[in-house]
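Asks: Just passing along the structure, written as structure tokens.
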Amino acid sequence: MNMEILKNNDIAKAVIFVLSVSCLASCNKELPQATPIIYPPANNSTTTIGAAISADTSLSFFKTAAEAAGVMPLLNDTNSLLTVFVPDNDAFRLSGIPDASVISSLPASVLVPLVQYHIIPGEQFTAANFLPPSPNPNVQLPSDLTVGTLPGTPVNFNLTTFPSSTSGGAWDNNIPITQTDLKYSNGIIHKVAALVQPPSQTLKQAIYSNPDLTYFKAAIARGDSGQTGLNRIDSLLGYAVTNMTVLAPDNAAFQTILFGSIYAGLVAEGVDPSTASAEAQALSSSPDVFSNPLLFGILTAADVQGIVVYHLLATNQGQGFQPNIRVFSVNFPTPPTFYTTLVNSVYPTHPGVLAQATFAGPFVAKLQFTGFGSFPPSGTPYSGPAANVVSMDNHCVNGVYDVIDQVLLPQ
Amino acid sequence: MMKTANCIALFFLFNIFSVVVFGQNTTLSGSVRNAKTGESVPAVSVTIKGTPLGTYTNDKGEFTLTVSKPLPFTIVISSIGYKPQEVNISDASATVSVSLTPEITLGQEVVVAATRTPSRILESPVTIERISAANIRNMASANYYDMISKLKGVDVVTSSLTFSTPTTRGFNASGNVRVNQIVDGMDNQAPGLNFSVGSVIGLTELDVESVELLPGASSALYGPGGMNGAIVINSKDPFKYQGLSLLAKTGVMNIDNTDRSASIYHNYSMRWAQKVSDKFAFKINGQLIQAKDWVANDYRDYDRLATTGAIKNGTRETDPNYDGVNVYGDETTADIKSNVLTPLAQQAPFYAPYINSMPSSILVSRTGYKEKDVIDPNTIDFKVSGMVSYKLTEKTSLNAEGYWGTGNTVYTGSDRYSLQGLKMAQYKIELVNTNWFLRAYTTQENAGKSYNATVTTRLVNEAWKPSGGSNGWYAQYAFAYLNAKLAGETDIAAHNTARAYADIGRPEPGSAEFKQLFDQVKSIPISKGGGLFVDKTDLYNIEGQYNLSQYTSRFAEILVGGNYKRYVLNSEGTLFADSTGKIPINEYGAYVQLTRHIADDRLRIIASGRYDKNDNFAGRFTPRISFVIKVAEDNNIRLSYQSAYRFASTQMQYINLRVGGGTALIGGVPSFKTFYHFDTNPVYAVDDNIFAGNPQKVNVPNMKAEYVNSFEAGYKGLLAQKRLLIDLYGYYGIYNDFLSRRVVAQSVNGDASVFSGTPDQIKANLNDPSKVTTYSIPYNVSGNVDTYGAGLSLEYQLPRNYLIGGNITTDNLSNVPEGFQADFNAPAYRWGLTFGNSGFGPKNRVGFNINYRWQDKVNFEGDFANGIIPAYQTVDGQLSYKFPAQKILLKIGGTNLFNQYYRDGFGNASLGAVYYVSIGYNIF
């Protein structure tokens, strides 16, 4: 190249120009890239639920249970979001488990569902979320315990749990929550006062196998005669995907009322009182009384059904009165309150049964139901004796039943 | 009309045959060389002084001239870039040997576009830019068409390697419709697709004599459409530029491209022109460009609402409703809450509280495919052209010319379109006299196997697995989502699990299955539920011009002209509302221009006016008046008032197309309003009101042509011993009835309740074609939209052929009504620098050129997508060496030398460096 050119002053300037352009050119911005959305932890915490449980010695029983059940990875997973009801060690003891070694000895078939039932997966719910929308007594939410798939879909069927909260406290099913809203990076812990047991039977299985309820079973069969489908209480109690509250009078309650009815019926037929008493005593001593054709005139299917359905709580949520609420003892209020029943599906204005819970701390110490009606319908008000719950919160897959010591009469 | 045309034709015929018969002939021959380098100089004009008679040197610098004029006489030898010489001829047998001395050419170029008559660029009445063949020879760009974007005040939108659209003074877009492009007298806007095809078909690099650019309103001379300017490209006359020329350019591109590996760029052209006799010449051109195209790879998440939207945060992994800008198929979106989960909660009430605790709508988009996975990267541009020219008389030639081009390219319109096997042809026949011309041409368009990438990909998704149905993609997704939630996953984790489940078996990009499915869908016309668009629209044009100055020069120079245009829309119902048959549109216009020189040519007044009428629009007159004031020799001030107006493009009139997001893009002719029942089922504005639950009814008015009045003042002058060329201008434009589009919404069932609810629900309804149809309708903006700007350029001729230059320009928009999308798309500022030398070193064999350009950020708006284009800069450069004896020119160069990828249009391809070497033979 000609040296003369390089000496040229203009060329020197030009070189400077080119260099300065080069410098300028070195600063084009990088092409903009897609920006990921950052999902912060569920709460302002760096600790997972699993880590929090592991670190708290008062929760060591649950830690043992969670580890043995294999759910600890889930509780530690930052890609999970959970609401966990955690029983502390005292809660285990209250539920009859005195130490961790007992937990370790439980078979997986018992332990895994038990632990899974304490977890609501995929969301975090605070106690405020458990305020039930009227007329529901609680909020039905799926647990982590999968028992199958929903018919006709590939969607998992998880057993549900029923937390609730009121101004007086919060509960999961019938178990008081002792400490609410402990927030961690992957969800929320609510400490509970006892183990929340998953149901394993339907109401039908549970009631029919309860030796104190053989009359109730027989009454159901009598009331169902001539009915089909879900109009049969028998079918209803076996229908797995609903929520029912059954007030089940025990055998003694039935015997009492059967004796009275038969005795009154026999006397009305002209039988002398002492014979009538003896016959009534004999007839009412067995649940077979409901299947005795000779008594069909006294224990008509309609009458029996009318009594049975009065023992199933029901609400109208837009499609008529349905047995669609699952009321645990703790869900009943302290002031006497009417609950509509399946009777209302026939007599919509029927006042229902009067319920009253008496609390001792967060637990219910006493629960009473009073049959309350009018005779005839819309006629003279009638009130029966109050029935005491003798066995409460018998939890089943499709509802809960309380054993009561009186048969409630709707009219 | 026909009667008038017949009369004009007769008039021209009379002129042709009334010429003087040739007398006794004198034949002289000679050669012309460069006095400095000794190389032969082709295409030099050799004329007999005082007459129009003459010839040009051939590719060897030789000439032969046969004339009837008796000896002695003087010949004038002249060529741009050289001092003219006169030679007295007294002996015809002596060979004339001339050495021409190169001279500074700054400001000496002659332009035609500004007034349709030749004048020095210094004296142009309006701002004009010019690219000469010499500029092209020394350019750093890989393609001559890209040089236009380096001119002062020009913006370019690059859809893909071979598809760039230059614009001036705003309103930039791929396939801009506000700039006329005239190639050899033919409007080269594709009549159906509406973009100018300058970079697809048209002239080959070797055949370009000049490119002239008129920024600003220009329809007074070039007809409706030139709202923002006109680009006039002229090819090389086969009489003047002769011989065989070859150019082979090979390069490498896509270096360090994140989405494509480095690939070879091929660009080969040839030109052969032959002067068979003094009366007959022809030329043939061909060019082939083949490369792997740039990739449009903006994978940012787009918040789409009909044809508007904005970038938002999100990726496929973090946004279930992700809609990537250059990811297609993911425009399909649905609310799994209302469509699947809520019905499930009704069937399984025990899950209802859980499902109800989820958000009121859960929008999910289908999984898309990146553009690189759906559009064939192989871009081809093959064009051939030919011309025969016969001199009927000394002054009159009969020319026939044909251009034919085909190729694959990618274009951004309302969506990204893959133009596959696009064919465009223009055929012209013309009579050209020094005083008049008569020209007829046709543009024949065939979209080939072109398809809408967005629509096609959405349909591929449907063909693989339908979105709807009890076992459709969305049902599968929603069930899997719920299961994942029931297994404890966070919301986003559950979405990703659900997507993975619903996408099981999805054809992988690049797989045989995907290709087979894609090819099947893209071959079905849009009208039959596929992605193929058919377009066989044609344009026919006849025009003439007469320069009456020979009769009127005492009063003024007068030019008159007129044209008749006929569009025949033919898309078989795929693009236009023409499923029942072709749609003809007729358009005609006429113009007159008067030029008067006053005060010893110190003031020149040029007044022109044009009237145009279109079948679908009222007739309109557009005037222009300009003044050129000579303040000193080579220093002129120019003042002008110009106006322009534009009939809506053929698409704006008749398009009927569902675009990627599902919006119906419709035309503005009144019949659309009845067809879509706007009268009985009203449409509502998609604006803030509709989201506030207060939808505003829109009464769609009839479409009008848009109109601009533009005022411009400028100065152009040579200073510093003619070494410094200054050009300065400022303009103010007022647009009336600005033609834009707006989005309106119509309830499918005539039930306005779909426009109530929360803003999210309303938005979900607007994006749900079963509930709401959104239309993008042509709309005249009431009130004015104003634009203003200014520019300054300086060019300085240094010793030894060095030339340095710089320019800065600004364009601005004001008075934009609220809620109106102007698509202005021009940066507030841009500036450029050039430095080059056309010949230095031993025998001036070395040349180089460096070009730098910077532009400010742009808030880019378009039917495809809206968003910010950041400021960017580019440096192009080339170094050349010539072998004069062998007529070989070697060049090494590159565009975007620092290979910094950038985009100049939103949603368009990102552009990197092209490094090339080229070898040219007989380049002039």
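To be explicit about the labels: the chains of the structure tokens are called A, B, and onward in the order shown, and within each one the residues are counted from 1, while ligands get numbers from 1 in the order they are shown.
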Can you pull out every residue from range 597-784 of chain B that DSSP, working from the backbone, puts in helix (DSSP H, G or I), and format the result as a list in words?

Replies: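 Output for range 597-784 of chain B, helix (DSSP H, G or I) only: Thr650, Gln651, Met652, Gln653, Tyr654, Ser671, Phe672, Lys673, Thr674, Phe675, Asp688, Asn689, Ile690, Phe691, Ala752, Ser753, Val754, Phe755, Pro759, Asp760, Gln761, Ile762, Lys763, Ala764, Asn765 and Leu766 of chain B.
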
Asks: Save out the residues we just selected, C-alpha atoms, as a PDB file, in the first residue's frame.

Replies:
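Result file follows (out.pdb):
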```pdb
ATOM      1  CA  THR B 650     -57.038  -3.718  -2.053  1.00  0.00           C
ATOM      2  CA  GLN B 651     -56.824  -5.623   1.233  1.00  0.00           C
ATOM      3  CA  MET B 652     -58.173  -2.674   3.198  1.00  0.00           C
ATOM      4  CA  GLN B 653     -61.101  -2.752   0.781  1.00  0.00           C
ATOM      5  CA  TYR B 654     -61.870  -6.441   0.473  1.00  0.00           C
ATOM      6  CA  SER B 671     -71.151  -4.733   1.924  1.00  0.00           C
ATOM      7  CA  PHE B 672     -69.120  -6.139   4.827  1.00  0.00           C
ATOM      8  CA  LYS B 673     -71.355  -4.301   7.266  1.00  0.00           C
ATOM      9  CA  THR B 674     -74.456  -6.056   6.009  1.00  0.00           C
ATOM     10  CA  PHE B 675     -72.733  -9.402   5.577  1.00  0.00           C
ATOM     11  CA  ASP B 688     -61.191   0.658  28.458  1.00  0.00           C
ATOM     12  CA  ASN B 689     -64.968   1.106  28.492  1.00  0.00           C
ATOM     13  CA  ILE B 690     -65.682  -2.472  27.523  1.00  0.00           C
ATOM     14  CA  PHE B 691     -63.573  -3.768  30.413  1.00  0.00           C
ATOM     15  CA  ALA B 752     -74.501  -8.249  25.088  1.00  0.00           C
ATOM     16  CA  SER B 753     -74.122 -10.045  28.428  1.00  0.00           C
ATOM     17  CA  VAL B 754     -70.825 -11.453  27.165  1.00  0.00           C
ATOM     18  CA  PHE B 755     -69.481  -7.939  27.749  1.00  0.00           C
ATOM     19  CA  PRO B 759     -62.340  -7.445  33.395  1.00  0.00           C
ATOM     20  CA  ASP B 760     -60.708 -10.911  33.313  1.00  0.00           C
ATOM     21  CA  GLN B 761     -63.972 -12.577  32.372  1.00  0.00           C
ATOM     22  CA  ILE B 762     -64.669  -9.987  29.694  1.00  0.00           C
ATOM     23  CA  LYS B 763     -61.201 -10.529  28.325  1.00  0.00           C
ATOM     24  CA  ALA B 764     -61.687 -14.288  28.375  1.00  0.00           C
ATOM     25  CA  ASN B 765     -64.957 -13.831  26.473  1.00  0.00           C
ATOM     26  CA  LEU B 766     -63.293 -11.564  23.942  1.00  0.00           C
TER      27      LEU B 766
END
```

Asks: What lies within 7 Å of range 859-870 of chain B using only C-alpha atoms, ignoring chain neighbours under 2 positions off, as number ranges by chain?

Replies: B: 307-311, 413-415, 823, 825, 857, 872, 903-907

Asks: Would you mind telling me which residue in B:Asp298, B:Asp737, B:Glu557, B:Asp373 lies nearest to chain A when using only C-alpha atoms?

Replies: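 That would be B:Asp298, the residue with the smallest distance to chain A.
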
Asks: Quick one: residues within 12 Å of Ala365 in chain A, only C-alpha atoms counted, chain neighbours fewer than 2 positions away excluded, as a count of residues only?

Replies: 19

Asks: Could you tell me which of B:Asn784, B:Thr834, B:Gln900, B:Thr580 comes closest to Pro817 in chain B if we count only C-alpha atoms?

Replies: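 Checking each of B:Asn784, B:Thr834, B:Gln900, B:Thr580 against Pro817 in chain B, counting only C-alpha atoms, the winner is B:Asn784.
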
Asks: With only C-alpha atoms as the counted atoms, please give the residues lying no more than 8 Å from range 118-123 of chain A, apart from itself and same-chain residues fewer than 5 positions off, as a list in words.

Replies: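 Within the cut-off, the hits are Ser80, Leu81, Leu82, Thr83, Val84, Phe85, Val86, Leu141, Pro142, Ser143, Asp144, Gly187 and Val196 of chain A; Ala484, Lys485, Leu486, Ala487, Gly488, Glu489, Thr490 and Asp491 of chain B.
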
Asks: Can I get the selection written as a PDB file, in the first residue's frame, with C-alpha atoms?

Replies:
```pdb
ATOM      1  CA  SER A  80     -45.637 -28.366  46.550  1.00  0.00           C
ATOM      2  CA  LEU A  81     -48.274 -26.297  48.251  1.00  0.00           C
ATOM      3  CA  LEU A  82     -49.974 -27.841  51.234  1.00  0.00           C
ATOM      4  CA  THR A  83     -52.263 -27.302  54.164  1.00  0.00           C
ATOM      5  CA  VAL A  84     -51.244 -29.714  56.908  1.00  0.00           C
ATOM      6  CA  PHE A  85     -53.073 -30.502  60.110  1.00  0.00           C
ATOM      7  CA  VAL A  86     -50.296 -31.485  62.431  1.00  0.00           C
ATOM      8  CA  LEU A 141     -61.762 -30.172  50.987  1.00  0.00           C
ATOM      9  CA  PRO A 142     -59.843 -33.070  49.502  1.00  0.00           C
ATOM     10  CA  SER A 143     -57.083 -34.682  51.503  1.00  0.00           C
ATOM     11  CA  ASP A 144     -53.971 -36.275  50.116  1.00  0.00           C
ATOM     12  CA  GLY A 187     -47.864 -23.898  52.798  1.00  0.00           C
ATOM     13  CA  VAL A 196     -57.939 -36.786  62.582  1.00  0.00           C
TER      14      VAL A 196
ATOM     15  CA  ALA B 484     -51.460 -32.715  40.069  1.00  0.00           C
ATOM     16  CA  LYS B 485     -53.009 -30.261  42.495  1.00  0.00           C
ATOM     17  CA  LEU B 486     -54.499 -33.185  44.392  1.00  0.00           C
ATOM     18  CA  ALA B 487     -50.996 -34.600  44.609  1.00  0.00           C
ATOM     19  CA  GLY B 488     -49.856 -31.417  46.300  1.00  0.00           C
ATOM     20  CA  GLU B 489     -48.195 -29.576  43.452  1.00  0.00           C
ATOM     21  CA  THR B 490     -48.062 -25.803  43.364  1.00  0.00           C
ATOM     22  CA  ASP B 491     -50.186 -24.171  40.775  1.00  0.00           C
TER      23      ASP B 491
END
```

Asks: Asp856 in chain B: which residues within 6 Å, counting only C-alpha atoms, same-chain residues fewer than 4 positions away excluded, as number ranges by chain?

Replies: B: 827, 829, 871

Asks: Keeping C-alpha atoms for every residue in the selection just given, could you write it to a file as a compact mmCIF listing (two decimals), in the first residue's frame?

Replies:
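Saved file out-v9.txt follows:
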```txt
# COMPACT_ATOMS: atom_id res chain seq x y z
CA PRO B 827 -37.61 6.59 15.55
CA TYR B 829 -33.86 10.34 15.68
CA ALA B 871 -32.21 1.58 19.71
```

Asks: Which of these residues is nearest to chain A, using only C-alpha atoms: B:Tyr403, B:Phe239, B:Tyr322, B:Trp294?

Replies: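 Closest to chain A of all the choices is B:Tyr322.
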
Asks: Select all residues from chain B having any atom no more than 8 Å from an atom of chain A (counting only C-alpha atoms, ignoring ligands), output as number ranges by chain.

Replies: B: 298-301, 313-315, 317-319, 348, 350-351, 353-354, 479-480, 482-491, 493, 798, 835, 841-842, 850, 852, 870-875, 898, 900-902
